[in-house]
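Trainee: The structure follows.
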Amino acid sequence: MTTMLSLLASLAVISGAWWAWMVIQWVWLRPRAIEKCLRKQGLDGPSYKLLHGDTNQLATMSRKAALNPKPLSFSDDFLPSVLPFYHHIIHTYGKNSFAWIGPTARITIMDPELIKEVLVNNKVYKKPTPNPLVRFLVSGVAGYEDQKWAKHRKILAPAFTQDKLKHMFSAMYTSCNDILVKPWSKLVSENNGSCELDVQPYIDDFSSDVISQNAFGSSYEQGRRIYQLQKEQAMLTSKVLQSVYLPGRRYLPTKTNRRMKQIDSELRSILSKIMEKKERVMLSKESDDHEDLLSLLLKSTTNINENLRMSVDEVMGECKSIYFAGQESSSNLLLWTMILLSQHPIWQTRAREDVHQVFGHNKPSYEGLNHLKIVTMILYEVLRLYSPATIFTRITYNETKLRNLTVPAGVQFLLPVIFVHHDREIWGEDAKEFNPERFSEGIAKATKNRVAFFPFSWGPRICIGNNFALMEAKLAISTILQNFSFELSPSYTHSPVYVVTLQPRHGAHLILHKI
C-alpha cells in the first residue's frame, strides 16, 4: 500500500512538473524565442510581456477611444480613434511589424503581394481558432477549415447563384418600398416637403427584413428581434476580444458570460421556430423551384451523401452567422453611402443621373443594376473608405516561408483591410478622400492588379454573400435616389466606431427632400 501511494505521489509530482513546464513554454520561453526570430529577420514591435502581451494596452486604448470620442471632420484620419492600438503599432514600428495578442505573435501584412499569397493559400494560412465565447456570434462556414469548410461552402453556394439573386429581387424591392420609401415619403409630406431624421434604424430594419425574407422566409418581427440580439452579442464579443482568453474562462459565471449565453439561448429558440415552420412548408409542397437558403440547409440534414450533409446544430450555426453578416454588412454599406453622398452633393447628383439614365422613373430592374456605372463606382469607394470588415487574421500551424520571411508555427498574420485601403503609397495622396473616380475603369485598374481592395476578403474564402450585398445596396440606393435628395443634418456627428463592423457611432442624421 505504501509503495502504491509513493508511486502515485511520484506520478503526481511528474505530472505537475510536466504541466508547469508546458505553461512556462507557452507563456514565456516560446514567445521569447519567436520574438528573437522575428527581430533577427528585420521585423520590429513591442517587447513581449508575460502572458498578456499587448492585450492590456489594446483594451486600454480602445476603452479611452470609446469613452472620449472626438467629433471628426470627413477629412480627418479616423483610424486612430477606430482602431487605436493597430494604428499605434503600424505608425510606431512600421508596416513590417508585429504585436502580441497574449502569448501569440501577430505580424502585420500590408504588402499587396504578401496579402495575395496569404489569402490564396488557405490550406496553409488558416483562420485562428476563435475564443470559445466568440463562437456565440461567429460560427458556421466563416469559422471552418479544410474539408468541413469546403463541404459547407458547397452546400451554401446554390443559394447565391445569379438565378437565386434574380428571384430575390422583387421581395427586396418590396422591402425597400415598404420600410424606407413609404415611411420617409409620409414624414416628408407631413413636414412641407422635407424632414430631418436618423435613417439608421430604418436601414437596419430594411436589411434585417431582406435577409429574413430572402434567406429564411421568416417574418419582419422575427428578423428585427434576431438583429437586436446579434447587435448586443457583437458588442459583448468586442469586449471579450480585448483580453487574453484563459482555458475554462467561458465557464465562469461572469455577467458578460451569462448574458452571452442568454442571448444565444434566445436566438436558438427563435431560429428553431423558424426552422420548424420552414420544415412544415417544405413538407406541404412537392417541389420548390425557388427554394431559399434555409430550405437548402434543412435538406442537407437528410442528405444520404455525408459530404453534403449537415447536422441540425451546424444548420443553426450557419443561420446565426448569415443573419449577422448579411444584415450588418449591407446595412453599414448603405448607411455610409447615404452619409457620403450627403457630404458630396455633386456625386449624389451624378448617381441620380446614372439611375435615371438606366431606369428613368420606372421601378429598378435586376438586369439594369449591372449598367449602373456611377453608382457602382460610389459603392466601391464607400467599401474602400468604410469597409464593414476592418481586419482579417490568419495563422500558420507549421513553420512557413512567406517570401523572404521564415515564420515559426503558431504565429498569426494581421491583414489590416482598412489600413491598406487608406494607404497613400497604394492609393495616392488622396487616399483618405472620397473620390469614386478612381474606380472609373474598374477595380483591377484602380489597384493596378494588386490585392489592395478586399472588403469581402479575397481568394477561395471570399465572402459567399458579396453579390447579394452589392445587389441590395444598388437596388436600395437607386430607389432612394429616385424618390429623395438628402443632405447632412446639423445634428450629424461624424464619429465612426468599430464594433465587429465599422458603424456610425451617433447614427445617420440627414435631411430628406422629396423629389
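Labeling convention for the C-alpha cells: chains A, B, ... as they appear, residues from 1 per chain, ligands from 1 in order of appearance.
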Find the residues near His167 (chain A): any atom within 12 Å, counting only C-alpha atoms, skip ones fewer than 2 places away on the same chain, and give them as a VMD selection string.

Mentor: chain A and resid 159 to 165 169 to 173 213 to 215 289 to 292 365 to 367 468 471

Trainee: Enumerate, as a ChimeraX atom specification, the complete set of residues in region 268-438 of chain A that a backbone-based DSSP assignment places in strand (DSSP E or B).

Mentor: /A:392-395,400-402,405-407,412-415

Trainee: Would you save the residues of that selection, restricted to C-alpha atoms, as a compact mmCIF listing (two decimals), in the first residue's frame?

Mentor:
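The file below, selection32.txt, is the result:
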```
# COMPACT_ATOMS: atom_id res chain seq x y z
CA PHE A 392 -8.68 39.81 -41.12
CA THR A 393 -6.44 37.39 -39.24
CA ARG A 394 -4.76 34.18 -40.33
CA ILE A 395 -2.43 31.69 -38.64
CA THR A 400 6.24 28.58 -43.17
CA LYS A 401 8.16 30.62 -45.73
CA LEU A 402 6.34 33.81 -46.75
CA LEU A 405 10.30 35.65 -44.16
CA THR A 406 10.53 32.41 -42.18
CA VAL A 407 7.54 32.27 -39.86
CA GLN A 412 -0.69 34.93 -36.61
CA PHE A 413 -0.93 37.39 -39.51
CA LEU A 414 -2.90 40.61 -39.32
CA LEU A 415 -4.33 41.78 -42.65
```

Trainee: Which residues, written as a list in words, have at least one atom at most 9 Å from Leu340 (chain A), with only C-alpha atoms counted and residues fewer than 6 positions away on the same chain left out?

Mentor: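 Result of the neighbour search: Phe74, Trp347, Gln348, Val382, Phe434 and Leu488 of chain A.
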
Trainee: Tell me, as a PyMOL selection string, which residues lie within 12 Å of Glu328 (chain A), counting only C-alpha atoms; anything in the same chain fewer than 4 positions away does not count.

Mentor: chain A and resi 200+203-211+226-228+230-231+234+321-324+332-335+387-389+465+469+499-503

Trainee: Taking 6 positions as the minimum chain separation for residues in the same chain, which residues sit within 12 Å of Phe419 (chain A) when counting only C-alpha atoms? Answer as a JSON list (two decimals) with N, CA and C atoms, in the first residue's frame.

Mentor:
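File produced: part_13.json:
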```
[["chain", "number", "residue", "atom", "x", "y", "z"],
["A", 77, "ASP", "N", -8.28, 61.74, -40.34],
["A", 77, "ASP", "CA", -7.96, 60.31, -40.32],
["A", 77, "ASP", "C", -8.65, 59.71, -39.10],
["A", 78, "PHE", "N", -9.68, 58.88, -39.35],
["A", 78, "PHE", "CA", -10.43, 58.33, -38.22],
["A", 78, "PHE", "C", -9.84, 57.04, -37.67],
["A", 79, "LEU", "N", -8.81, 56.49, -38.33],
["A", 79, "LEU", "CA", -8.25, 55.22, -37.89],
["A", 79, "LEU", "C", -7.66, 55.28, -36.48],
["A", 80, "PRO", "N", -7.02, 56.39, -36.06],
["A", 80, "PRO", "CA", -6.50, 56.42, -34.68],
["A", 80, "PRO", "C", -7.58, 56.28, -33.62],
["A", 82, "VAL", "N", -10.69, 54.72, -34.31],
["A", 82, "VAL", "CA", -11.45, 53.49, -34.56],
["A", 82, "VAL", "C", -10.65, 52.25, -34.15],
["A", 83, "LEU", "N", -9.39, 52.21, -34.55],
["A", 83, "LEU", "CA", -8.51, 51.09, -34.21],
["A", 83, "LEU", "C", -7.20, 51.66, -33.64],
["A", 84, "PRO", "N", -7.28, 52.26, -32.45],
["A", 84, "PRO", "CA", -6.12, 52.99, -31.91],
["A", 84, "PRO", "C", -4.88, 52.13, -31.70],
["A", 86, "TYR", "N", -3.89, 49.26, -33.28],
["A", 86, "TYR", "CA", -3.23, 48.87, -34.53],
["A", 86, "TYR", "C", -2.64, 50.08, -35.25],
["A", 87, "HIS", "N", -3.30, 51.22, -35.14],
["A", 87, "HIS", "CA", -2.73, 52.45, -35.69],
["A", 87, "HIS", "C", -1.40, 52.77, -35.00],
["A", 88, "HIS", "N", -1.38, 52.62, -33.69],
["A", 88, "HIS", "CA", -0.16, 52.87, -32.91],
["A", 88, "HIS", "C", 0.97, 51.92, -33.33],
["A", 89, "ILE", "N", 0.67, 50.65, -33.48],
["A", 89, "ILE", "CA", 1.69, 49.66, -33.85],
["A", 89, "ILE", "C", 2.27, 49.97, -35.23],
["A", 90, "ILE", "N", 1.40, 50.21, -36.20],
["A", 90, "ILE", "CA", 1.85, 50.45, -37.58],
["A", 90, "ILE", "C", 2.66, 51.74, -37.67],
["A", 91, "HIS", "N", 2.21, 52.78, -36.98],
["A", 91, "HIS", "CA", 2.90, 54.07, -37.09],
["A", 91, "HIS", "C", 4.11, 54.16, -36.17],
["A", 95, "LYS", "N", 5.22, 49.27, -41.21],
["A", 95, "LYS", "CA", 4.32, 48.30, -41.84],
["A", 95, "LYS", "C", 4.81, 46.87, -41.64],
["A", 108, "THR", "N", 1.97, 42.08, -38.85],
["A", 108, "THR", "CA", 1.19, 42.92, -39.76],
["A", 108, "THR", "C", 1.66, 42.71, -41.20],
["A", 109, "ILE", "N", 0.69, 42.48, -42.09],
["A", 109, "ILE", "CA", 0.99, 42.29, -43.52],
["A", 109, "ILE", "C", 0.24, 43.37, -44.30],
["A", 110, "MET", "N", 0.99, 44.30, -44.92],
["A", 110, "MET", "CA", 0.36, 45.37, -45.71],
["A", 110, "MET", "C", 0.81, 45.38, -47.17],
["A", 111, "ASP", "N", 1.74, 44.53, -47.52],
["A", 111, "ASP", "CA", 2.19, 44.42, -48.91],
["A", 111, "ASP", "C", 1.15, 43.64, -49.70],
["A", 112, "PRO", "N", 0.55, 44.23, -50.77],
["A", 112, "PRO", "CA", -0.50, 43.53, -51.53],
["A", 112, "PRO", "C", -0.08, 42.16, -52.06],
["A", 384, "ARG", "N", -14.16, 50.97, -49.85],
["A", 384, "ARG", "CA", -12.73, 51.22, -49.62],
["A", 384, "ARG", "C", -12.52, 52.04, -48.35],
["A", 385, "LEU", "N", -13.27, 53.12, -48.22],
["A", 385, "LEU", "CA", -13.07, 54.02, -47.08],
["A", 385, "LEU", "C", -13.66, 53.49, -45.78],
["A", 386, "TYR", "N", -14.81, 52.83, -45.87],
["A", 386, "TYR", "CA", -15.54, 52.39, -44.67],
["A", 386, "TYR", "C", -15.86, 50.89, -44.76],
["A", 387, "SER", "N", -14.85, 50.09, -44.94],
["A", 387, "SER", "CA", -15.04, 48.64, -45.05],
["A", 387, "SER", "C", -15.77, 48.09, -43.82],
["A", 389, "ALA", "N", -15.78, 45.04, -42.71],
["A", 389, "ALA", "CA", -14.75, 44.25, -42.04],
["A", 389, "ALA", "C", -13.46, 45.07, -42.09],
["A", 390, "THR", "N", -12.90, 45.38, -40.94],
["A", 390, "THR", "CA", -11.72, 46.27, -40.90],
["A", 390, "THR", "C", -10.41, 45.51, -40.83],
["A", 391, "ILE", "N", -10.43, 44.29, -40.30],
["A", 391, "ILE", "CA", -9.21, 43.48, -40.22],
["A", 391, "ILE", "C", -9.56, 42.01, -40.47],
["A", 392, "PHE", "N", -8.61, 41.27, -41.03],
["A", 392, "PHE", "CA", -8.68, 39.81, -41.12],
["A", 392, "PHE", "C", -7.45, 39.24, -40.42],
["A", 425, "GLU", "N", 0.62, 55.12, -50.17],
["A", 425, "GLU", "CA", 1.59, 54.51, -51.10],
["A", 425, "GLU", "C", 0.89, 53.67, -52.16],
["A", 426, "ILE", "N", -0.31, 53.18, -51.84],
["A", 426, "ILE", "CA", -1.07, 52.36, -52.78],
["A", 426, "ILE", "C", -2.06, 53.21, -53.57],
["A", 427, "TRP", "N", -2.78, 54.11, -52.88],
["A", 427, "TRP", "CA", -3.90, 54.83, -53.49],
["A", 427, "TRP", "C", -3.58, 56.27, -53.87],
["A", 431, "ALA", "N", -5.75, 59.32, -50.75],
["A", 431, "ALA", "CA", -6.23, 58.00, -50.27],
["A", 431, "ALA", "C", -7.33, 58.12, -49.22],
["A", 432, "LYS", "N", -7.30, 59.16, -48.41],
["A", 432, "LYS", "CA", -8.29, 59.29, -47.35],
["A", 432, "LYS", "C", -9.49, 60.14, -47.77],
["A", 452, "ALA", "N", -5.25, 45.00, -53.22],
["A", 452, "ALA", "CA", -5.23, 46.19, -52.36],
["A", 452, "ALA", "C", -6.64, 46.65, -52.02],
["A", 453, "PHE", "N", -7.65, 45.93, -52.55],
["A", 453, "PHE", "CA", -9.05, 46.23, -52.29],
["A", 453, "PHE", "C", -9.75, 44.91, -52.03],
["A", 454, "PHE", "N", -10.04, 44.63, -50.77],
["A", 454, "PHE", "CA", -10.62, 43.34, -50.43],
["A", 454, "PHE", "C", -11.61, 43.45, -49.27],
["A", 455, "PRO", "N", -12.67, 44.26, -49.45],
["A", 455, "PRO", "CA", -13.66, 44.45, -48.38],
["A", 455, "PRO", "C", -14.42, 43.18, -48.03]]
```

Trainee: Can you list, as a list in words, every protein, DNA or RNA residue that comes within 12 Å of region 274-277 of chain A when you count only C-alpha atoms, leaving out same-chain residues fewer than 6 positions away?

Mentor: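 After dropping sequence-adjacent residues, the list is Ser212, Gln213, Ala215, Phe216, Gly217, Ser218, Ser219, Glu221, Gln222, Gly223, Ile226, Leu267, Arg268, Leu283, Ser284, Leu293, Leu294, Ser295, Leu296, Leu297, Leu298, Lys299, Thr301, Val312, Asp313, Val315, Met316 and Cys319 of chain A.
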
Trainee: Using the selection just defined, write its residues with C-alpha atoms as a short mmCIF file (atom, residue, chain, number, x, y, z; two decimals), in the first residue's frame.

Mentor:
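Final output, part29.cif:
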```
data_model
loop_
_atom_site.label_atom_id
_atom_site.label_comp_id
_atom_site.auth_asym_id
_atom_site.auth_seq_id
_atom_site.Cartn_x
_atom_site.Cartn_y
_atom_site.Cartn_z
CA SER A 212 -35.12 37.37 -43.10
CA GLN A 213 -37.44 37.04 -46.08
CA ALA A 215 -32.77 33.69 -46.91
CA PHE A 216 -35.12 32.26 -44.30
CA GLY A 217 -38.69 33.07 -45.24
CA SER A 218 -39.25 34.49 -41.76
CA SER A 219 -41.25 37.48 -40.59
CA GLU A 221 -40.72 40.90 -36.38
CA GLN A 222 -38.56 37.79 -36.03
CA GLY A 223 -35.82 39.30 -38.17
CA ILE A 226 -32.68 38.48 -34.22
CA LEU A 267 -31.54 33.15 -30.67
CA ARG A 268 -31.64 29.37 -30.82
CA LEU A 283 -43.47 19.01 -46.41
CA SER A 284 -46.64 20.61 -47.79
CA LEU A 293 -31.14 29.32 -48.14
CA LEU A 294 -32.88 27.76 -45.16
CA SER A 295 -34.57 25.18 -47.42
CA LEU A 296 -31.17 24.12 -48.77
CA LEU A 297 -29.72 23.90 -45.27
CA LEU A 298 -32.62 21.82 -43.94
CA LYS A 299 -32.50 19.48 -46.94
CA THR A 301 -29.68 17.38 -42.80
CA VAL A 312 -29.14 20.41 -37.16
CA ASP A 313 -26.68 22.19 -34.86
CA VAL A 315 -27.55 24.48 -39.66
CA MET A 316 -28.25 26.61 -36.57
CA CYS A 319 -28.26 30.66 -39.70
#
```

Trainee: Just the residues within 9 Å of Val138 (chain A), please, counting only C-alpha atoms, with nothing from its chain fewer than 4 positions along; format it as a PyMOL selection string.

Mentor: chain A and resi 130+134+142-143+317+320-321+324-325

Trainee: Next, the residues of the selection above should be written as an mmCIF file, in the first residue's frame with C-alpha atoms.

Mentor:
```cif
data_model
loop_
_atom_site.group_PDB
_atom_site.id
_atom_site.type_symbol
_atom_site.label_atom_id
_atom_site.label_comp_id
_atom_site.auth_asym_id
_atom_site.auth_seq_id
_atom_site.Cartn_x
_atom_site.Cartn_y
_atom_site.Cartn_z
ATOM 1 C CA PRO A 130 -11.585 31.606 -32.103
ATOM 2 C CA VAL A 134 -16.708 34.357 -29.882
ATOM 3 C CA ALA A 142 -16.879 31.506 -41.667
ATOM 4 C CA GLY A 143 -15.072 29.651 -38.902
ATOM 5 C CA GLY A 317 -24.688 27.936 -36.675
ATOM 6 C CA LYS A 320 -26.773 32.782 -36.913
ATOM 7 C CA SER A 321 -23.695 33.662 -38.925
ATOM 8 C CA PHE A 324 -25.469 38.712 -38.726
ATOM 9 C CA ALA A 325 -23.093 39.006 -41.685
#
```

Trainee: Could you check which of A:Leu72, A:Leu241, A:Leu38, A:Leu180 is closest to Pro132 (chain A), using only C-alpha atoms?

Mentor: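 For Pro132 (chain A), the nearest of the given residues is A:Leu241.
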
Trainee: Tell me which of A:Leu187, A:Met61, A:Ala157, A:Val411 sits closest to Pro31 (chain A), counting only C-alpha atoms.

Mentor: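 Of the candidates, the smallest distance to Pro31 (chain A) is held by A:Val411.
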
Trainee: Return as an MDAnalysis selection string the full set of residues in region 289-470 of chain A whose backbone-based DSSP assignment is alpha helix (DSSP H).

Mentor: chainID A and resid 293:300 312:343 345:359 373:385 417:421 424:427 443:447 466:470

Trainee: Can you write out the residues you just picked, keeping C-alpha atoms, as a PDB file, in the first residue's frame?

Mentor:
```pdb
ATOM      1  CA  LEU A 293     -31.139  29.318 -48.140  1.00  0.00           C
ATOM      2  CA  LEU A 294     -32.884  27.762 -45.161  1.00  0.00           C
ATOM      3  CA  SER A 295     -34.567  25.177 -47.417  1.00  0.00           C
ATOM      4  CA  LEU A 296     -31.168  24.122 -48.768  1.00  0.00           C
ATOM      5  CA  LEU A 297     -29.724  23.902 -45.271  1.00  0.00           C
ATOM      6  CA  LEU A 298     -32.621  21.820 -43.941  1.00  0.00           C
ATOM      7  CA  LYS A 299     -32.495  19.476 -46.937  1.00  0.00           C
ATOM      8  CA  SER A 300     -28.830  18.875 -46.221  1.00  0.00           C
ATOM      9  CA  VAL A 312     -29.144  20.411 -37.163  1.00  0.00           C
ATOM     10  CA  ASP A 313     -26.685  22.189 -34.860  1.00  0.00           C
ATOM     11  CA  GLU A 314     -24.497  23.091 -37.848  1.00  0.00           C
ATOM     12  CA  VAL A 315     -27.548  24.480 -39.656  1.00  0.00           C
ATOM     13  CA  MET A 316     -28.248  26.614 -36.575  1.00  0.00           C
ATOM     14  CA  GLY A 317     -24.688  27.936 -36.675  1.00  0.00           C
ATOM     15  CA  GLU A 318     -24.968  28.861 -40.348  1.00  0.00           C
ATOM     16  CA  CYS A 319     -28.262  30.661 -39.703  1.00  0.00           C
ATOM     17  CA  LYS A 320     -26.773  32.782 -36.913  1.00  0.00           C
ATOM     18  CA  SER A 321     -23.695  33.662 -38.925  1.00  0.00           C
ATOM     19  CA  ILE A 322     -25.540  34.532 -42.147  1.00  0.00           C
ATOM     20  CA  TYR A 323     -28.168  36.577 -40.315  1.00  0.00           C
ATOM     21  CA  PHE A 324     -25.469  38.712 -38.726  1.00  0.00           C
ATOM     22  CA  ALA A 325     -23.093  39.006 -41.685  1.00  0.00           C
ATOM     23  CA  GLY A 326     -25.868  39.528 -44.230  1.00  0.00           C
ATOM     24  CA  GLN A 327     -27.640  42.198 -42.235  1.00  0.00           C
ATOM     25  CA  GLU A 328     -24.680  44.056 -40.765  1.00  0.00           C
ATOM     26  CA  SER A 329     -22.535  44.430 -43.881  1.00  0.00           C
ATOM     27  CA  SER A 330     -25.450  45.517 -46.096  1.00  0.00           C
ATOM     28  CA  SER A 331     -26.784  47.974 -43.538  1.00  0.00           C
ATOM     29  CA  ASN A 332     -23.410  49.633 -42.957  1.00  0.00           C
ATOM     30  CA  LEU A 333     -22.659  49.883 -46.682  1.00  0.00           C
ATOM     31  CA  LEU A 334     -25.960  51.651 -47.353  1.00  0.00           C
ATOM     32  CA  LEU A 335     -25.589  53.930 -44.307  1.00  0.00           C
ATOM     33  CA  TRP A 336     -22.112  55.137 -45.227  1.00  0.00           C
ATOM     34  CA  THR A 337     -23.200  55.585 -48.843  1.00  0.00           C
ATOM     35  CA  MET A 338     -26.024  57.912 -47.829  1.00  0.00           C
ATOM     36  CA  ILE A 339     -23.759  59.813 -45.435  1.00  0.00           C
ATOM     37  CA  LEU A 340     -21.037  60.324 -48.033  1.00  0.00           C
ATOM     38  CA  LEU A 341     -23.476  61.291 -50.787  1.00  0.00           C
ATOM     39  CA  SER A 342     -24.936  63.823 -48.353  1.00  0.00           C
ATOM     40  CA  GLN A 343     -21.492  65.255 -47.835  1.00  0.00           C
ATOM     41  CA  PRO A 345     -23.834  66.566 -53.373  1.00  0.00           C
ATOM     42  CA  ILE A 346     -22.092  66.591 -56.768  1.00  0.00           C
ATOM     43  CA  TRP A 347     -21.645  62.824 -56.572  1.00  0.00           C
ATOM     44  CA  GLN A 348     -25.226  62.459 -55.355  1.00  0.00           C
ATOM     45  CA  THR A 349     -26.388  64.309 -58.453  1.00  0.00           C
ATOM     46  CA  ARG A 350     -24.186  62.169 -60.715  1.00  0.00           C
ATOM     47  CA  ALA A 351     -25.538  58.995 -59.073  1.00  0.00           C
ATOM     48  CA  ARG A 352     -29.142  60.142 -59.548  1.00  0.00           C
ATOM     49  CA  GLU A 353     -28.464  60.908 -63.212  1.00  0.00           C
ATOM     50  CA  ASP A 354     -26.956  57.434 -63.571  1.00  0.00           C
ATOM     51  CA  VAL A 355     -30.095  55.874 -62.082  1.00  0.00           C
ATOM     52  CA  HIS A 356     -32.401  57.957 -64.305  1.00  0.00           C
ATOM     53  CA  GLN A 357     -30.393  57.079 -67.402  1.00  0.00           C
ATOM     54  CA  VAL A 358     -30.760  53.340 -66.684  1.00  0.00           C
ATOM     55  CA  PHE A 359     -34.265  53.179 -65.168  1.00  0.00           C
ATOM     56  CA  LYS A 373     -21.590  52.667 -63.636  1.00  0.00           C
ATOM     57  CA  ILE A 374     -21.511  55.729 -61.337  1.00  0.00           C
ATOM     58  CA  VAL A 375     -23.441  54.002 -58.540  1.00  0.00           C
ATOM     59  CA  THR A 376     -21.037  51.043 -58.710  1.00  0.00           C
ATOM     60  CA  MET A 377     -18.020  53.378 -58.544  1.00  0.00           C
ATOM     61  CA  ILE A 378     -19.522  55.074 -55.486  1.00  0.00           C
ATOM     62  CA  LEU A 379     -20.218  51.791 -53.694  1.00  0.00           C
ATOM     63  CA  TYR A 380     -16.660  50.593 -54.293  1.00  0.00           C
ATOM     64  CA  GLU A 381     -15.279  53.852 -52.902  1.00  0.00           C
ATOM     65  CA  VAL A 382     -17.522  53.571 -49.827  1.00  0.00           C
ATOM     66  CA  LEU A 383     -16.305  49.989 -49.297  1.00  0.00           C
ATOM     67  CA  ARG A 384     -12.734  51.217 -49.621  1.00  0.00           C
ATOM     68  CA  LEU A 385     -13.069  54.020 -47.079  1.00  0.00           C
ATOM     69  CA  VAL A 417      -8.013  45.800 -44.528  1.00  0.00           C
ATOM     70  CA  ILE A 418      -8.899  49.391 -43.755  1.00  0.00           C
ATOM     71  CA  PHE A 419      -5.265  50.471 -43.293  1.00  0.00           C
ATOM     72  CA  VAL A 420      -4.427  49.015 -46.703  1.00  0.00           C
ATOM     73  CA  HIS A 421      -7.472  50.767 -48.186  1.00  0.00           C
ATOM     74  CA  ARG A 424      -1.208  56.618 -49.619  1.00  0.00           C
ATOM     75  CA  GLU A 425       1.588  54.507 -51.098  1.00  0.00           C
ATOM     76  CA  ILE A 426      -1.075  52.363 -52.780  1.00  0.00           C
ATOM     77  CA  TRP A 427      -3.897  54.827 -53.495  1.00  0.00           C
ATOM     78  CA  ILE A 443     -11.170  47.506 -59.568  1.00  0.00           C
ATOM     79  CA  ALA A 444      -8.239  45.974 -61.453  1.00  0.00           C
ATOM     80  CA  LYS A 445      -7.211  49.320 -62.937  1.00  0.00           C
ATOM     81  CA  ALA A 446      -7.662  51.150 -59.623  1.00  0.00           C
ATOM     82  CA  THR A 447      -5.487  48.640 -57.762  1.00  0.00           C
ATOM     83  CA  ASN A 466     -20.816  39.616 -51.571  1.00  0.00           C
ATOM     84  CA  ASN A 467     -23.003  39.711 -54.703  1.00  0.00           C
ATOM     85  CA  PHE A 468     -26.117  39.631 -52.521  1.00  0.00           C
ATOM     86  CA  ALA A 469     -24.849  42.635 -50.512  1.00  0.00           C
ATOM     87  CA  LEU A 470     -23.960  44.645 -53.616  1.00  0.00           C
TER      88      LEU A 470
END
```

Trainee: Given only C-alpha atoms as the basis, pick out the residue of A:Cys37, A:His494, A:Glu487, A:Ile511 nearest to Ser81 (chain A).

Mentor: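 Looking at the shortest contact to Ser81 (chain A), the residue is A:His494.
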